[in-house]
>>> print(open('input_23.tsv').read())   # TSV, C-alpha atoms and all ligand atoms
chain	number	residue	atom	x	y	z
A	51	MET	CA	-53.94	-38.20	-135.42
A	52	THR	CA	-52.86	-41.42	-133.74
A	53	THR	CA	-55.14	-44.41	-133.47
A	54	ASP	CA	-55.46	-43.66	-129.75
A	55	THR	CA	-56.85	-40.20	-130.32
A	56	LEU	CA	-59.19	-41.57	-132.96
A	57	THR	CA	-60.54	-44.13	-130.49
A	58	ALA	CA	-60.92	-41.43	-127.84
A	59	VAL	CA	-62.87	-39.19	-130.21
A	60	ASP	CA	-64.93	-42.18	-131.24
A	61	THR	CA	-65.96	-43.06	-127.68
A	62	VAL	CA	-66.90	-39.49	-126.88
A	63	GLU	CA	-69.15	-39.01	-129.90
A	64	THR	CA	-70.77	-42.42	-130.30
A	65	ILE	CA	-74.37	-42.41	-129.07
A	66	HIS	CA	-75.10	-46.10	-129.72
A	67	PRO	CA	-72.11	-48.49	-129.88
A	68	GLY	CA	-71.91	-50.92	-132.81
A	69	TRP	CA	-73.22	-53.92	-130.87
A	70	VAL	CA	-76.40	-52.02	-129.87
A	71	ARG	CA	-77.08	-50.99	-133.47
A	72	ILE	CA	-76.40	-54.45	-134.94
A	73	CYS	CA	-78.51	-56.19	-132.26
A	74	HIS	CA	-81.29	-53.60	-132.64
A	75	TRP	CA	-81.72	-54.07	-136.40
A	76	ILE	CA	-81.38	-57.86	-136.32
A	77	ASN	CA	-84.02	-57.83	-133.58
A	78	ALA	CA	-86.32	-55.48	-135.52
A	79	PHE	CA	-86.18	-57.84	-138.53
A	80	ALA	CA	-86.74	-60.98	-136.44
A	81	VAL	CA	-89.61	-59.43	-134.46
A	82	LEU	CA	-91.42	-58.39	-137.65
A	83	VAL	CA	-91.12	-61.95	-139.00
A	84	MET	CA	-92.33	-63.36	-135.65
A	85	ILE	CA	-95.34	-61.02	-135.61
A	86	GLY	CA	-96.32	-61.69	-139.24
A	87	SER	CA	-95.99	-65.46	-138.94
A	88	GLY	CA	-97.61	-65.41	-135.47
A	89	TRP	CA	-100.68	-63.73	-136.94
A	90	GLN	CA	-100.94	-66.48	-139.56
A	91	ILE	CA	-100.61	-69.17	-136.88
A	92	TYR	CA	-103.32	-67.38	-134.89
A	93	ASN	CA	-105.67	-67.35	-137.90
A	94	ALA	CA	-105.60	-71.16	-138.06
A	95	SER	CA	-107.18	-71.31	-134.60
A	96	PRO	CA	-108.22	-67.84	-133.37
A	97	LEU	CA	-108.29	-67.13	-129.63
A	98	PHE	CA	-110.74	-64.25	-130.10
A	99	ASP	CA	-113.51	-63.60	-132.59
A	100	PHE	CA	-111.35	-61.85	-135.18
A	101	VAL	CA	-108.62	-62.87	-137.60
A	102	PHE	CA	-105.72	-60.92	-139.09
A	103	PRO	CA	-106.01	-59.88	-142.78
A	104	ARG	CA	-104.13	-62.39	-144.98
A	105	GLN	CA	-102.22	-59.57	-146.68
A	106	ILE	CA	-100.34	-58.67	-143.50
A	107	ALA	CA	-99.83	-62.25	-142.28
A	108	LEU	CA	-96.71	-64.18	-143.27
A	109	GLY	CA	-96.35	-67.73	-144.56
A	110	ASN	CA	-99.58	-68.24	-146.57
A	111	TRP	CA	-100.90	-71.05	-144.39
A	112	LEU	CA	-100.34	-72.63	-140.99
A	113	ALA	CA	-97.41	-74.88	-141.91
A	114	GLY	CA	-95.64	-72.11	-143.83
A	115	ALA	CA	-96.11	-69.71	-140.93
A	116	LEU	CA	-94.77	-72.22	-138.40
A	117	LEU	CA	-91.63	-72.64	-140.51
A	118	TRP	CA	-91.08	-68.87	-140.52
A	119	HIS	CA	-91.84	-68.66	-136.78
A	120	PHE	CA	-89.40	-71.42	-135.82
A	121	ALA	CA	-86.68	-70.14	-138.18
A	122	ALA	CA	-86.76	-66.53	-136.99
A	123	MET	CA	-87.03	-67.77	-133.39
A	124	TRP	CA	-83.34	-68.79	-133.42
A	125	VAL	CA	-82.28	-65.41	-134.75
A	126	LEU	CA	-84.42	-63.61	-132.18
A	127	VAL	CA	-83.29	-65.66	-129.18
A	128	ASN	CA	-79.56	-65.73	-129.97
A	129	ASN	CA	-79.50	-62.04	-130.80
A	130	GLY	CA	-81.52	-61.30	-127.66
A	131	ILE	CA	-79.07	-63.24	-125.50
A	132	VAL	CA	-76.12	-61.26	-126.94
A	133	TYR	CA	-77.95	-57.93	-126.42
A	134	VAL	CA	-79.10	-58.62	-122.85
A	135	THR	CA	-75.72	-60.10	-121.81
A	136	LEU	CA	-73.79	-57.12	-123.19
A	137	GLY	CA	-76.42	-54.71	-121.83
A	138	ILE	CA	-75.82	-56.05	-118.32
A	139	ALA	CA	-72.05	-56.70	-118.63
A	140	THR	CA	-71.18	-53.26	-120.04
A	141	GLY	CA	-73.45	-51.50	-117.53
A	142	ARG	CA	-75.48	-49.96	-120.40
A	143	PHE	CA	-78.83	-51.04	-118.95
A	144	ARG	CA	-77.93	-49.70	-115.50
A	145	ARG	CA	-76.64	-46.42	-116.92
A	146	LYS	CA	-79.29	-45.75	-119.56
A	147	LEU	CA	-82.47	-47.47	-118.42
A	148	PHE	CA	-82.35	-47.03	-114.64
A	149	PRO	CA	-83.52	-45.69	-112.27
A	150	ILE	CA	-87.09	-45.14	-113.49
A	151	ARG	CA	-88.82	-42.66	-111.15
A	152	PRO	CA	-92.65	-42.51	-111.40
A	153	ASN	CA	-92.75	-38.72	-110.85
A	154	GLU	CA	-90.27	-38.22	-113.71
A	155	VAL	CA	-92.35	-40.50	-115.96
A	156	VAL	CA	-95.44	-38.36	-115.28
A	157	ALA	CA	-93.54	-35.10	-115.85
A	158	ASP	CA	-91.90	-36.32	-119.09
A	159	LEU	CA	-95.19	-37.75	-120.35
A	160	LYS	CA	-96.86	-34.35	-119.83
A	161	ALA	CA	-93.97	-32.63	-121.61
A	162	ALA	CA	-94.15	-35.17	-124.44
A	163	VAL	CA	-97.86	-34.75	-125.19
A	164	THR	CA	-97.48	-30.97	-125.21
A	165	PHE	CA	-94.42	-31.28	-127.49
A	166	LYS	CA	-92.17	-29.67	-124.90
A	167	LEU	CA	-89.82	-32.61	-124.44
A	168	ALA	CA	-86.20	-31.79	-125.37
A	169	HIS	CA	-84.34	-34.13	-127.71
A	170	ASP	CA	-80.99	-32.33	-127.85
A	171	ASP	CA	-79.07	-35.00	-125.90
A	172	LEU	CA	-79.72	-38.31	-127.66
A	173	SER	CA	-77.28	-40.16	-125.41
A	174	HIS	CA	-79.65	-39.67	-122.47
A	175	TYR	CA	-83.06	-41.37	-122.36
A	176	ASN	CA	-85.98	-39.52	-120.72
A	177	ALA	CA	-88.10	-41.35	-118.12
A	178	VAL	CA	-90.76	-42.38	-120.67
A	179	GLN	CA	-88.11	-43.88	-122.97
A	180	LYS	CA	-86.56	-45.71	-120.01
A	181	LEU	CA	-89.94	-47.15	-119.06
A	182	LEU	CA	-90.84	-48.17	-122.63
A	183	TYR	CA	-87.44	-49.70	-123.41
A	184	SER	CA	-87.20	-51.72	-120.20
A	185	GLY	CA	-90.86	-52.68	-120.65
A	186	VAL	CA	-90.34	-54.00	-124.17
A	187	ILE	CA	-87.20	-55.92	-123.12
A	188	LEU	CA	-89.31	-57.54	-120.38
A	189	ALA	CA	-92.10	-58.30	-122.89
A	190	GLY	CA	-89.40	-59.92	-125.04
A	191	VAL	CA	-88.41	-62.24	-122.19
A	192	VAL	CA	-92.08	-63.11	-121.52
A	193	ILE	CA	-92.87	-63.81	-125.19
A	194	VAL	CA	-89.82	-66.08	-125.54
A	195	LEU	CA	-90.59	-68.04	-122.35
A	196	SER	CA	-94.32	-68.38	-123.15
A	197	GLY	CA	-93.39	-69.29	-126.74
A	198	LEU	CA	-91.07	-72.03	-125.51
A	199	SER	CA	-93.77	-73.35	-123.21
A	200	ILE	CA	-96.32	-73.69	-126.06
A	201	TRP	CA	-93.68	-75.09	-128.44
A	202	LYS	CA	-92.50	-77.88	-126.11
A	203	PRO	CA	-95.27	-78.25	-123.48
A	204	VAL	CA	-94.20	-81.82	-122.66
A	205	GLN	CA	-90.40	-81.41	-122.51
A	206	LEU	CA	-90.70	-78.03	-120.74
A	207	GLN	CA	-93.72	-78.85	-118.58
A	208	GLU	CA	-92.39	-76.98	-115.52
A	209	LEU	CA	-92.16	-73.82	-117.60
A	210	THR	CA	-95.63	-74.39	-119.07
A	211	ALA	CA	-97.00	-74.97	-115.55
A	212	LEU	CA	-95.42	-71.68	-114.46
A	213	PHE	CA	-97.67	-69.91	-116.96
A	214	GLY	CA	-100.71	-71.77	-115.63
A	215	GLY	CA	-100.79	-74.44	-118.35
A	216	TYR	CA	-100.81	-74.55	-122.14
A	217	ASP	CA	-104.01	-72.57	-122.71
A	218	THR	CA	-103.04	-69.69	-120.45
A	219	ALA	CA	-99.51	-69.64	-121.92
A	220	ARG	CA	-101.13	-69.13	-125.35
A	221	TYR	CA	-103.01	-66.08	-124.05
A	222	VAL	CA	-99.85	-64.75	-122.38
A	223	HIS	CA	-97.96	-65.22	-125.67
A	224	PHE	CA	-100.67	-63.36	-127.56
A	225	LEU	CA	-100.88	-60.50	-125.02
A	226	ALA	CA	-97.08	-60.07	-125.08
A	227	MET	CA	-97.31	-59.80	-128.89
A	228	ALA	CA	-100.03	-57.14	-128.52
A	229	ALA	CA	-97.82	-55.19	-126.08
A	230	ILE	CA	-94.86	-55.36	-128.50
A	231	VAL	CA	-97.03	-54.23	-131.44
A	232	GLY	CA	-98.38	-51.34	-129.32
A	233	PHE	CA	-94.80	-50.36	-128.42
A	234	LEU	CA	-93.76	-50.56	-132.09
A	235	VAL	CA	-96.49	-48.20	-133.30
A	236	VAL	CA	-95.39	-45.49	-130.85
A	237	HIS	CA	-91.68	-46.31	-131.23
A	238	VAL	CA	-91.57	-46.11	-135.03
A	239	ALA	CA	-93.76	-42.98	-135.08
A	240	LEU	CA	-91.38	-41.25	-132.65
A	241	ALA	CA	-88.32	-42.37	-134.61
A	242	LEU	CA	-89.82	-40.73	-137.70
A	243	ILE	CA	-90.79	-37.55	-135.80
A	244	VAL	CA	-87.22	-37.24	-134.44
A	245	PRO	CA	-85.17	-38.39	-137.49
A	246	LYS	CA	-81.81	-37.69	-135.88
A	247	SER	CA	-82.58	-40.45	-133.36
A	248	LEU	CA	-83.04	-42.81	-136.31
A	249	ARG	CA	-79.73	-41.63	-137.80
A	250	ALA	CA	-78.02	-42.31	-134.46
A	251	MET	CA	-79.42	-45.87	-134.38
A	252	ILE	CA	-78.04	-46.43	-137.91
A	253	THR	CA	-74.69	-44.63	-137.97
A	254	GLY	CA	-74.02	-44.45	-134.22
A	255	ARG	CA	-74.03	-40.65	-133.96
B	1	LIG	C1	-88.66	-68.31	-128.66
B	1	LIG	C2	-89.57	-67.58	-129.21
B	1	LIG	C3	-90.92	-68.09	-129.65
B	1	LIG	C4	-91.43	-69.37	-129.69
B	1	LIG	C5	-90.74	-70.65	-129.29
B	1	LIG	C6	-92.78	-69.27	-130.19
B	1	LIG	C7	-93.64	-70.35	-130.40
B	1	LIG	C8	-94.94	-70.28	-130.82
B	1	LIG	C9	-95.83	-71.40	-131.01
B	1	LIG	C10	-95.49	-72.85	-130.78
B	1	LIG	C11	-97.00	-70.91	-131.44
B	1	LIG	C12	-98.25	-71.74	-131.78
B	1	LIG	C13	-99.25	-71.61	-130.69
B	1	LIG	C14	-100.48	-72.39	-130.92
B	1	LIG	O1	-100.45	-73.41	-131.62
B	1	LIG	O2	-101.50	-71.99	-130.39
B	1	LIG	C15	-96.89	-69.49	-131.49
B	1	LIG	C16	-97.90	-68.64	-131.84
B	1	LIG	C17	-97.77	-67.28	-131.92
B	1	LIG	N1	-96.62	-66.52	-131.74
B	1	LIG	FE1	-94.86	-67.23	-131.10
B	1	LIG	N2	-93.08	-67.96	-130.43
B	1	LIG	C18	-91.96	-67.22	-130.11
B	1	LIG	C19	-91.82	-65.85	-130.22
B	1	LIG	C20	-92.79	-64.99	-130.70
B	1	LIG	C21	-92.63	-63.56	-130.92
B	1	LIG	C22	-91.35	-62.77	-130.65
B	1	LIG	C23	-93.82	-63.10	-131.38
B	1	LIG	C24	-94.21	-61.70	-131.75
B	1	LIG	C25	-93.60	-60.60	-131.34
B	1	LIG	C26	-94.74	-64.21	-131.45
B	1	LIG	C27	-96.05	-64.12	-131.86
B	1	LIG	C28	-96.92	-65.19	-131.93
B	1	LIG	C29	-98.33	-65.07	-132.24
B	1	LIG	C30	-99.12	-63.78	-132.51
B	1	LIG	C31	-98.86	-66.37	-132.23
B	1	LIG	C32	-100.31	-66.79	-132.49
B	1	LIG	C33	-100.97	-66.80	-131.13
B	1	LIG	C34	-101.88	-67.97	-130.94
B	1	LIG	O3	-102.89	-68.05	-131.62
B	1	LIG	O4	-101.58	-68.80	-130.05
B	1	LIG	N3	-94.08	-65.36	-131.04
B	1	LIG	N4	-95.60	-69.11	-131.11
B	2	LIG	C1	-88.71	-51.65	-137.31
B	2	LIG	C2	-88.63	-50.41	-136.98
B	2	LIG	C3	-87.83	-49.83	-135.84
B	2	LIG	C4	-87.30	-48.58	-135.90
B	2	LIG	C5	-87.39	-47.59	-137.06
B	2	LIG	C6	-86.62	-48.35	-134.64
B	2	LIG	C7	-85.91	-47.20	-134.30
B	2	LIG	C8	-85.21	-46.99	-133.15
B	2	LIG	C9	-84.45	-45.81	-132.83
B	2	LIG	C10	-84.32	-44.60	-133.75
B	2	LIG	C11	-83.91	-45.96	-131.58
B	2	LIG	C12	-83.08	-44.96	-130.80
B	2	LIG	C13	-84.15	-44.06	-130.29
B	2	LIG	C14	-83.79	-43.24	-129.15
B	2	LIG	O1	-82.77	-42.54	-129.16
B	2	LIG	O2	-84.63	-43.30	-128.24
B	2	LIG	C15	-84.32	-47.25	-131.08
B	2	LIG	C16	-83.97	-47.79	-129.84
B	2	LIG	C17	-84.50	-48.94	-129.32
B	2	LIG	N1	-85.41	-49.78	-129.97
B	2	LIG	FE1	-86.09	-49.61	-131.88
B	2	LIG	N2	-86.76	-49.44	-133.83
B	2	LIG	C18	-87.51	-50.38	-134.53
B	2	LIG	C19	-87.87	-51.62	-134.06
B	2	LIG	C20	-87.73	-52.05	-132.74
B	2	LIG	C21	-88.26	-53.29	-132.22
B	2	LIG	C22	-89.05	-54.31	-133.02
B	2	LIG	C23	-87.91	-53.33	-130.91
B	2	LIG	C24	-88.22	-54.38	-129.87
B	2	LIG	C25	-89.22	-55.21	-129.93
B	2	LIG	C26	-87.13	-52.14	-130.61
B	2	LIG	C27	-86.59	-51.85	-129.37
B	2	LIG	C28	-85.73	-50.80	-129.10
B	2	LIG	C29	-85.00	-50.64	-127.86
B	2	LIG	C30	-85.07	-51.57	-126.63
B	2	LIG	C31	-84.21	-49.49	-128.00
B	2	LIG	C32	-83.22	-48.94	-126.97
B	2	LIG	C33	-81.92	-49.66	-127.27
B	2	LIG	C34	-80.76	-49.31	-126.36
B	2	LIG	O3	-80.53	-48.12	-126.13
B	2	LIG	O4	-80.04	-50.24	-125.92
B	2	LIG	N3	-87.05	-51.38	-131.74
B	2	LIG	N4	-85.12	-47.85	-132.05
>>> encode(input="input_23.tsv", output="structure tokens", more="lines below")
Ligand code: HEM
Ligand code: HEM
Amino acid sequence: MTTDTLTAVDTVETIHPGWVRICHWINAFAVLVMIGSGWQIYNASPLFDFVFPRQIALGNWLAGALLWHFAAMWVLVNNGIVYVTLGIATGRFRRKLFPIRPNEVVADLKAAVTFKLAHDDLSHYNAVQKLLYSGVILAGVVIVLSGLSIWKPVQLQELTALFGGYDTARYVHFLAMAAIVGFLVVHVALALIVPKSLRAMITGR
């Protein structure tokens, strides 16, 4: 077989190209660090009348958690920029995540809860997947922008003002975290229920 045929075979069978898989796992690692350290930061000055158990918070105390948060932030943002740029430039987002039709979301959701949703073509996302994946990418943009606005509220005051000021930006940041955690619970459960989708996100096919 020539290299050309190999490449052709490769393109036909690959479900997730290498850049998607690399970005996905770097992102998963960075997001977990951001959530764990964020919970510890939250505990130092809770917005609501509960705190997160110490065992699942990262960094031991406020200063330690801030170090983790600001270190993983660079990984998260740079990796996110690569993923979103390639997602748009290669047409992957347009092809795989759009259009999202409300009637298809309702139909696929019904099929999903009655376990009638087909998973034989992993290269095609159903309407619920499209909605959840574009939703979590959007939540990622919101959490980064609100994070920046509470990190540098003086230097980035226009951005902070856009969120309605420092205090509101903190709530927005927290709510975006809650949305991402909610997504993750469903997302990881589904990946374990359909193991071949997990294999495809690791090996590409
Ligand atoms: C560029 C990205 C980010 C920046 C610059 C950033 C910055 C910050 C800052 C400065 C704080 C302290 C807020 C305060 O003192 O009240 C904070 C808190 C927090 N962050 Fe982030 N963050 C980013 C991304 C994330 C991500 C991706 C997550 C989780 C998915 C996250 C979760 C949290 C949580 C839960 C808190 C505690 C909420 C609070 O009590 O205000 N952050 N972040
Ligand atoms: C840590 C555990 C995680 C596991 C086991 C996991 C597993 C997977 C799997 C198996 C797929 C392909 C599923 C499919 O065919 O529908 C996938 C896709 C995806 N995951 Fe995750 N994931 C994890 C974390 C995350 C996190 C933290 C995020 C974002 C906050 C995320 C966002 C996405 C997105 C946006 C896609 C679609 C990617 C694309 O097609 O371009 N995942 N994940």
>>> residues_near_ligand(input="input_23.tsv", ligand="ligand LIG 1 (chain B)", cutoff="9 Å", atoms="all atoms listed in the file", output="ChimeraX atom specification")
/A:80-98,116,119-120,122-124,126-127,189-191,193-202,216-217,219-231
>>> atom_distance(input="input_23.tsv", atom1="CA of Tyr183 (chain A)", atom2="CA of Phe213 (chain A)")
23.6 Å
>>> residues_near_ligand(input="input_23.tsv", ligand="ligand LIG 2 (chain B)", cutoff="7 Å", atoms="all atoms listed in the file", output="PyMOL selection string")
chain A and resi 66+70+74+77-79+81-82+172+175+179+183-184+186-187+190+230+234+237-238+241+247-251
>>> closest_residue(input="input_23.tsv", among="A:Leu108, A:Leu212, A:Leu181, A:Leu117", to="Leu159 (chain A)", atoms="all atoms listed in the file")
A:Leu181
>>> axis_aligned_box(input="input_23.tsv", around="region 85-96 of chain A", padding_each_side="3 Å", output="AutoDock Vina command-line options")
--center_x -101.8 --center_y -66.2 --center_z -136.5 --size_x 18.9 --size_y 16.3 --size_z 12.2
>>> closest_residue(input="input_23.tsv", among="A:Pro103, A:Gly137, A:Gly109, A:Leu240", to="Ala162 (chain A)", atoms="only C-alpha atoms")
A:Leu240
>>> closest_residue(input="input_23.tsv", among="A:Leu112, A:Ala177, A:Ala157, A:Cys73", to="Tyr133 (chain A)", atoms="all atoms listed in the file")
A:Cys73
>>> closest_residue(input="input_23.tsv", among="A:Asp171, A:Phe165, A:Thr210, A:Ala139", to="Ile243 (chain A)", atoms="only C-alpha atoms")
A:Phe165
>>> atom_distance(input="input_23.tsv", atom1="CA of Gly215 (chain A)", atom2="CA of Ile106 (chain A)")
29.7 Å
>>> atom_distance(input="input_23.tsv", atom1="CA of Thr64 (chain A)", atom2="CA of His174 (chain A)")
12.2 Å
>>> residues_around(input="input_23.tsv", residues="Arg151 (chain A)", least_positions_apart="3", cutoff="10 Å", atoms="only C-alpha atoms", output="MDAnalysis selection string")
chainID A and resid 148 154:156 177:178 180:181
>>> closest_residue(input="input_23.tsv", among="A:Ala211, A:Val192, A:Val204, A:Leu182", to="Gly232 (chain A)", atoms="only C-alpha atoms")
A:Leu182
>>> residues_around(input="input_23.tsv", residues="Ser173 (chain A)", least_positions_apart="3", cutoff="12 Å", atoms="only C-alpha atoms", output="PyMOL selection string")
chain A and resi 61-67+142+145-147+169-170+176+179+246-247+250-251+254-255
